[in-house]
Structure formats: C-alpha cells, structure tokens
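Next comes query_24.txt, with compact mmCIF, C-alpha atoms.
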```
# COMPACT_ATOMS: atom_id res chain seq x y z
CA MET Y 1 0.89 -38.56 -14.89
CA ASP Y 2 3.98 -40.72 -14.57
CA ARG Y 3 1.82 -43.80 -14.32
CA SER Y 4 -0.04 -42.87 -17.48
CA ASN Y 5 3.20 -42.34 -19.37
CA ARG Y 6 4.54 -45.64 -18.18
CA HIS Y 7 1.45 -47.39 -19.42
CA SER Y 8 1.68 -45.62 -22.77
CA ASP Y 9 5.27 -46.76 -23.19
CA GLY Y 10 4.25 -50.29 -22.31
CA GLY Y 11 1.40 -50.09 -24.77
CA THR Y 12 3.70 -49.11 -27.58
CA VAL Y 13 5.90 -52.08 -26.86
CA ILE Y 14 2.92 -54.37 -26.63
CA LYS Y 15 1.55 -53.08 -29.90
CA ALA Y 16 4.89 -53.71 -31.54
CA PHE Y 17 5.20 -57.26 -30.34
CA LEU Y 18 1.60 -58.09 -31.08
CA ILE Y 19 2.00 -56.89 -34.64
CA PHE Y 20 5.25 -58.80 -34.83
CA ALA Y 21 3.57 -61.88 -33.42
CA PHE Y 22 0.76 -61.92 -35.88
CA ALA Y 23 2.99 -60.93 -38.77
CA LEU Y 24 5.06 -63.98 -37.95
CA ALA Y 25 2.11 -66.19 -37.33
CA LEU Y 26 0.16 -65.15 -40.40
CA GLY Y 27 2.82 -64.15 -42.86
CA GLY Y 28 5.89 -65.94 -41.57
CA CYS Y 29 4.66 -69.48 -41.88
CA PRO Y 30 6.66 -71.67 -44.25
CA SER Y 31 3.52 -72.27 -46.30
CA ARG Y 32 3.44 -68.54 -47.10
CA GLY Y 33 6.51 -68.49 -49.28
CA ALA Y 34 9.41 -69.35 -47.02
CA ALA Y 35 12.66 -70.08 -48.78
CA PRO Y 36 12.65 -73.75 -49.77
CA ALA Y 37 16.37 -74.22 -49.23
CA GLN Y 38 16.16 -75.12 -45.53
CA PRO Y 39 12.48 -75.63 -44.79
CA GLN Y 40 13.01 -77.52 -41.52
CA GLN Y 41 15.22 -74.80 -40.09
CA THR Y 42 12.67 -72.14 -41.09
CA VAL Y 43 9.89 -74.06 -39.38
CA ALA Y 44 11.98 -74.48 -36.21
CA VAL Y 45 12.91 -70.80 -35.98
CA ASN Y 46 9.35 -69.67 -36.58
CA LEU Y 47 7.99 -72.17 -34.09
CA VAL Y 48 10.40 -71.17 -31.35
CA THR Y 49 9.80 -67.48 -32.00
CA GLN Y 50 6.06 -67.91 -32.09
CA ALA Y 51 6.15 -69.95 -28.90
CA LYS Y 52 8.07 -67.20 -27.14
CA ILE Y 53 5.71 -64.54 -28.47
CA ALA Y 54 2.67 -66.57 -27.44
CA SER Y 55 4.16 -66.72 -23.96
CA ALA Y 56 4.88 -63.00 -23.98
CA ILE Y 57 1.29 -62.25 -24.96
CA ALA Y 58 0.02 -64.45 -22.14
CA VAL Y 59 2.33 -62.77 -19.63
CA THR Y 60 1.26 -59.32 -20.81
CA ILE Y 61 -2.44 -60.10 -20.63
CA ASN Y 62 -1.98 -61.78 -17.27
CA GLU Y 63 -0.31 -58.62 -16.00
CA THR Y 64 -3.01 -56.43 -17.51
CA MET Y 65 -6.00 -58.36 -16.17
CA PRO Y 66 -5.50 -57.11 -12.60
CA LEU Y 67 -5.45 -53.54 -13.95
CA LEU Y 68 -8.83 -54.09 -15.58
CA ARG Y 69 -10.13 -55.75 -12.43
CA ASP Y 70 -8.82 -52.82 -10.37
CA ALA Y 71 -10.66 -50.38 -12.64
CA GLU Y 72 -13.96 -52.21 -12.10
CA SER Y 73 -13.22 -52.72 -8.43
CA GLN Y 74 -12.60 -49.00 -7.94
CA GLU Y 75 -15.91 -48.17 -9.60
CA GLY Y 76 -17.60 -50.62 -7.25
CA ASP Y 77 -15.92 -49.09 -4.23
CA ASP Y 78 -17.12 -45.65 -5.33
CA ILE Y 79 -20.66 -46.99 -5.69
CA ILE Y 80 -20.61 -48.43 -2.18
CA HIS Y 81 -19.12 -45.22 -0.83
CA THR Y 82 -21.76 -43.00 -2.45
CA SER Y 83 -24.84 -45.21 -1.97
CA SER Y 84 -27.28 -44.25 0.74
CA ASP Y 85 -28.57 -47.76 1.45
CA GLU Y 86 -27.67 -51.39 0.83
CA THR Y 87 -30.36 -52.04 -1.77
CA ALA Y 88 -29.28 -49.12 -3.90
CA ALA Y 89 -25.64 -50.19 -3.59
CA ARG Y 90 -26.42 -53.75 -4.71
CA LEU Y 91 -28.53 -52.56 -7.63
CA ARG Y 92 -25.81 -50.24 -8.83
CA LEU Y 93 -23.15 -52.94 -8.38
CA GLY Y 94 -25.30 -55.29 -10.44
CA ALA Y 95 -25.48 -52.72 -13.21
CA LEU Y 96 -21.73 -52.23 -13.00
CA GLU Y 97 -21.10 -55.97 -13.34
CA ALA Y 98 -23.47 -56.14 -16.30
CA ARG Y 99 -21.52 -53.33 -17.98
CA TRP Y 100 -18.21 -55.11 -17.44
CA LYS Y 101 -19.47 -58.61 -18.35
CA PRO Y 102 -18.79 -58.25 -22.10
CA VAL Y 103 -15.18 -57.34 -21.30
CA TRP Y 104 -14.66 -60.45 -19.19
CA ASP Y 105 -16.51 -62.65 -21.68
CA ALA Y 106 -14.32 -61.34 -24.50
CA MET Y 107 -11.23 -61.84 -22.34
CA ALA Y 108 -12.30 -65.44 -21.75
CA ALA Y 109 -12.64 -65.91 -25.51
CA VAL Y 110 -9.11 -64.57 -26.01
CA ARG Y 111 -7.93 -67.00 -23.35
CA VAL Y 112 -9.55 -69.95 -25.13
CA ALA Y 113 -8.18 -68.91 -28.52
CA HIS Y 114 -4.72 -68.31 -27.10
CA GLY Y 115 -4.79 -71.69 -25.38
CA ALA Y 116 -5.70 -73.36 -28.66
CA TRP Y 117 -2.89 -71.49 -30.44
CA ALA Y 118 -0.40 -72.55 -27.77
CA THR Y 119 -1.54 -76.16 -28.09
CA VAL Y 120 -1.09 -76.03 -31.86
CA LEU Y 121 2.40 -74.63 -31.39
CA GLU Y 122 3.15 -77.38 -28.92
CA LYS Y 123 1.62 -80.33 -30.69
CA GLY Y 124 1.29 -79.28 -34.29
CA GLY Y 125 -1.63 -78.20 -36.41
CA ASN Y 126 -2.78 -75.20 -38.38
CA ARG Y 127 -0.81 -72.37 -36.78
CA GLU Y 128 -2.17 -69.80 -39.20
CA ALA Y 129 -5.78 -70.57 -38.35
CA ALA Y 130 -5.05 -70.69 -34.64
CA ALA Y 131 -3.27 -67.32 -34.73
CA LYS Y 132 -6.16 -65.82 -36.69
CA GLU Y 133 -8.56 -67.01 -33.99
CA VAL Y 134 -6.49 -65.19 -31.37
CA LEU Y 135 -6.50 -62.06 -33.49
CA THR Y 136 -10.24 -62.27 -34.06
CA ALA Y 137 -10.92 -62.78 -30.36
CA PHE Y 138 -8.59 -59.96 -29.40
CA CYS Y 139 -10.23 -57.56 -31.84
CA LYS Y 140 -13.63 -58.31 -30.28
CA LEU Y 141 -12.16 -57.48 -26.89
CA ALA Y 142 -10.30 -54.38 -28.07
CA PRO Y 143 -13.22 -51.93 -28.47
CA LEU Y 144 -14.55 -52.93 -25.06
CA LEU Y 145 -11.42 -51.99 -23.17
CA PRO Y 146 -11.78 -48.89 -21.02
CA ARG Y 147 -9.54 -45.94 -21.76
CA SER Y 148 -8.46 -45.96 -18.13
CA VAL Y 149 -6.33 -49.00 -18.93
CA PRO Y 150 -4.31 -47.78 -21.90
CA ARG Y 151 -1.73 -50.53 -21.71
CA LEU Y 152 -3.82 -52.92 -23.75
CA SER Y 153 -5.89 -50.22 -25.38
CA LEU Y 154 -2.89 -49.16 -27.42
CA ALA Y 155 -2.48 -52.72 -28.57
CA THR Y 156 -5.92 -52.38 -30.12
CA LEU Y 157 -4.26 -50.47 -32.94
CA LEU Y 158 -3.29 -53.93 -34.10
CA CYS Y 159 -6.89 -54.51 -35.14
CA GLU Y 160 -6.87 -51.34 -37.26
CA VAL Y 161 -3.58 -52.37 -38.86
CA THR Y 162 -4.87 -55.82 -39.74
CA ASP Y 163 -8.44 -54.76 -40.48
CA GLY Y 164 -8.01 -55.15 -44.20
CA SER Y 165 -6.87 -58.74 -43.91
CA ARG Y 166 -9.77 -59.96 -41.81
CA MET T 1 26.64 -84.93 -28.83
CA ASP T 2 24.57 -81.85 -29.54
CA LEU T 3 25.05 -78.18 -28.73
CA VAL T 4 23.30 -78.45 -25.38
CA ASP T 5 25.59 -81.26 -24.24
CA VAL T 6 28.67 -79.30 -25.31
CA LEU T 7 27.58 -76.18 -23.46
CA GLN T 8 26.64 -78.11 -20.34
CA LYS T 9 30.00 -79.90 -20.33
CA LEU T 10 31.82 -76.58 -20.74
CA GLN T 11 29.81 -75.16 -17.85
CA LYS T 12 30.70 -78.14 -15.64
CA GLY T 13 34.33 -77.85 -16.73
CA ALA T 14 34.35 -74.23 -15.66
CA GLN T 15 32.92 -75.23 -12.30
CA THR T 16 35.64 -77.82 -11.69
CA ILE T 17 38.44 -75.27 -11.92
CA ARG T 18 36.65 -72.80 -9.63
CA PRO T 19 38.48 -74.00 -6.44
CA PHE T 20 41.79 -73.17 -8.08
CA VAL T 21 40.86 -69.66 -9.16
CA SER T 22 40.71 -66.58 -6.96
CA GLY T 23 40.58 -62.80 -7.13
CA PRO T 24 39.31 -61.08 -10.27
CA TYR T 25 39.60 -64.31 -12.22
CA GLU T 26 37.02 -65.90 -9.93
CA LYS T 27 34.53 -63.20 -10.87
CA ALA T 28 35.30 -63.68 -14.57
CA LEU T 29 34.85 -67.41 -14.19
CA GLY T 30 31.48 -66.79 -12.61
CA VAL T 31 30.45 -64.78 -15.65
CA VAL T 32 31.64 -67.55 -17.95
CA GLU T 33 29.67 -70.15 -15.99
CA THR T 34 26.55 -68.04 -16.06
CA THR T 35 26.89 -67.33 -19.77
CA LEU T 36 27.44 -70.97 -20.62
CA GLY T 37 24.51 -71.97 -18.45
CA ALA T 38 22.24 -69.44 -20.12
CA ALA T 39 23.42 -70.49 -23.58
CA ALA T 40 22.76 -74.14 -22.74
CA MET T 41 19.31 -73.26 -21.48
CA LEU T 42 18.48 -71.26 -24.60
CA ALA T 43 19.78 -74.00 -26.86
CA ASP T 44 17.78 -76.56 -24.92
CA ASN T 45 14.66 -74.45 -25.19
CA GLY T 46 15.31 -74.27 -28.90
CA HIS T 47 14.79 -77.99 -29.03
CA ASP T 48 11.59 -77.79 -27.06
CA PRO T 49 9.69 -74.50 -27.29
CA VAL T 50 6.65 -76.26 -25.91
CA ALA T 51 7.72 -75.94 -22.30
CA GLU T 52 7.96 -72.16 -22.61
CA ILE T 53 4.43 -71.31 -23.71
CA GLN T 54 2.49 -69.74 -20.91
CA ARG T 55 -1.27 -69.63 -20.83
CA ILE T 56 -3.63 -66.75 -20.14
CA LEU T 57 -4.96 -67.14 -16.63
CA ASP T 58 -8.59 -67.67 -15.71
CA VAL T 59 -10.00 -64.33 -14.63
CA ASP T 60 -12.76 -65.83 -12.44
CA PRO T 61 -10.68 -65.98 -9.23
CA LEU T 62 -9.80 -62.30 -9.65
CA LEU T 63 -13.43 -61.34 -10.12
CA GLN T 64 -14.56 -63.49 -7.21
CA GLY T 65 -12.04 -61.73 -4.98
CA MET T 66 -13.41 -58.39 -6.10
CA ARG T 67 -16.99 -59.43 -5.32
CA ASN T 68 -15.95 -60.72 -1.90
CA SER T 69 -14.29 -57.39 -1.21
CA TRP T 70 -17.45 -55.50 -2.17
CA GLU T 71 -19.53 -57.78 0.03
CA GLN T 72 -17.33 -57.04 3.03
CA LYS T 73 -17.49 -53.30 2.36
CA ILE T 74 -21.28 -53.38 2.03
CA LYS T 75 -21.61 -55.26 5.30
CA ALA T 76 -19.25 -52.85 7.00
CA LYS T 77 -21.14 -49.79 5.74
CA PHE T 78 -24.67 -51.17 6.16
CA PRO T 79 -24.55 -53.46 9.21
CA GLY T 80 -27.65 -55.45 10.05
```
Structure translated into structure tokens:
Amino acid sequence: MDRSNRHSDGGTVIKAFLIFAFALALGGCPSRGAAPAQPQQTVAVNLVTQAKIASAIAVTINETMPLLRDAESQEGDDIIHTSSDETAARLRLGALEARWKPVWDAMAAVRVAHGAWATVLEKGGNREAAAKEVLTAFCKLAPLLPRSVPRLSLATLLCEVTDGSR
Amino acid sequence: MDLVDVLQKLQKGAQTIRPFVSGPYEKALGVVETTLGAAAMLADNGHDPVAEIQRILDVDPLLQGMRNSWEQKIKAKFPG
C-alpha cells in the first residue's frame, strides 16, 4: 500500500515535469514568439532548462526500467514455480517474452529519440522536432506500460494532454 | 573575468582564512564555502549545459540478466 502511494506521488511529479519539459521544448522555443528584446538570453535559459529536464527524464526512465524488468522477471519466476516440466516452463517464458517485447522495443525507441534530442541540445539543431520525436516515441510506449508500474503510467497522461497537438 | 571566476576566487578566499577561524564561525565559513562552490558550479553549468545531459540506458543488459536468472532457476528446478 505504502509502496503504491509512493509510486503514485512520484508519478504525479513525473507527469508535471514531463508536461513542463515538452511545454518548454515545444512552446518555449524562441521561434515560437519569445520576446525579441534579449533573444540570446532567452535561448540560453531555455537551453539550460531543457538540458536539465532532458537529464531528469533520462534519470527517471533509468530508475523506472528496473521496475518494469522486475515486473516481467516476477512473472517469469511465477511461471517457473508453477510449471510441471522444463518444456512447459520454456514455452510459457517464451510467450511471456513475446508479450513484453513491444514494451522493450518502444522503450528502445524512446531511448533513441531522447538521445537525438540530447544531441540537438548539445550541438544545436531543431529542438522542437527532436522534442516532438521524444513525445511521439513516449506516447507509443505509454499504452503498453503495465498498471503494476504506475510510476511511468501516470506520466502517460501527458499523451492525453498533448493529444490534440499531435 | 566572468561570474564563475569570481565565485571560484571567493571560494578560495574563504578557504585561505579557514586556519584563522574557529568555533561557530568555522561552521559558518564552511557553509559559505559550500554555497560559493555550488554557485560556481551552477554558473559554470550555465555556460555548458551539454555536460549535464544524461542518456537513457540500454535495457539489454537488464533483460539479459533476467534471462540468465530464469535459466539458473529452470536448471535448479529441473536438473538433468
């Protein structure tokens, strides 16, 4: 119970910063109507903030990945525990891995998109497009996340919030 | 001289007077040093946000570890 609550609290925070991140990345770019008085300062502040948020997203996902892995691992342990012979256990584990594969594939896509976004933040480029790629990849992952790992599941609300803009 | 240099010099200045300070003032000086150091670091990061961006880790090693664990458990439960 406590653990669930803790995850829910974390999810709320994550949702908030993800929305903040993409609001900054998509709407906060100087090309989207920033005040022209000090354009260089605006760019610098947005870049630093986005870089920190990109890092925070990576840290959060890196902390969440073991939770997802643990969820699959526990299912596998249960399969081994309840299987009557090795063949049946391996067949059921194969089915389990097939069920989880889309999650890990989508996670890999988020990783690629996030890496590209980070590189754009580091070296320059179209930050808006790069951030949109992260959002798109994340929203493909979101519906695949199991409810047993609510920490990121709550962040999936981001996709509903931004659904109209995609 | 930019902000980072100023903050770093202030931090070093605070360190040089440390041998001559004792008691509660020593603790306060420690706080000042730490604050100046943190401010310098933040200011420096402001110049170069690049170094701060972390990447999402590759999940493959995690999954491989999980599969290895299953393999061991299968062999333990179904020997031979």
Item to complete: Find the residues around stretch 77-87 of chain Y up to 8 Å (only C-alpha atoms counted), leave out those fewer than 3 positions away in its own chain, and share them as a ChimeraX atom specification.
Response: /Y:73-74,90-93 /T:70,73-74,78
Item to complete: Identify all chain Y residues at most 6 Å from chain T by counting only C-alpha atoms; ligands do not count. Present them as number ranges by chain.
Response: Y: 48, 51, 55, 58, 62, 111, 122
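For the pair atom CA of Y:Glu128 and atom CA of Y:Met65, the separation is 26.0 Å.
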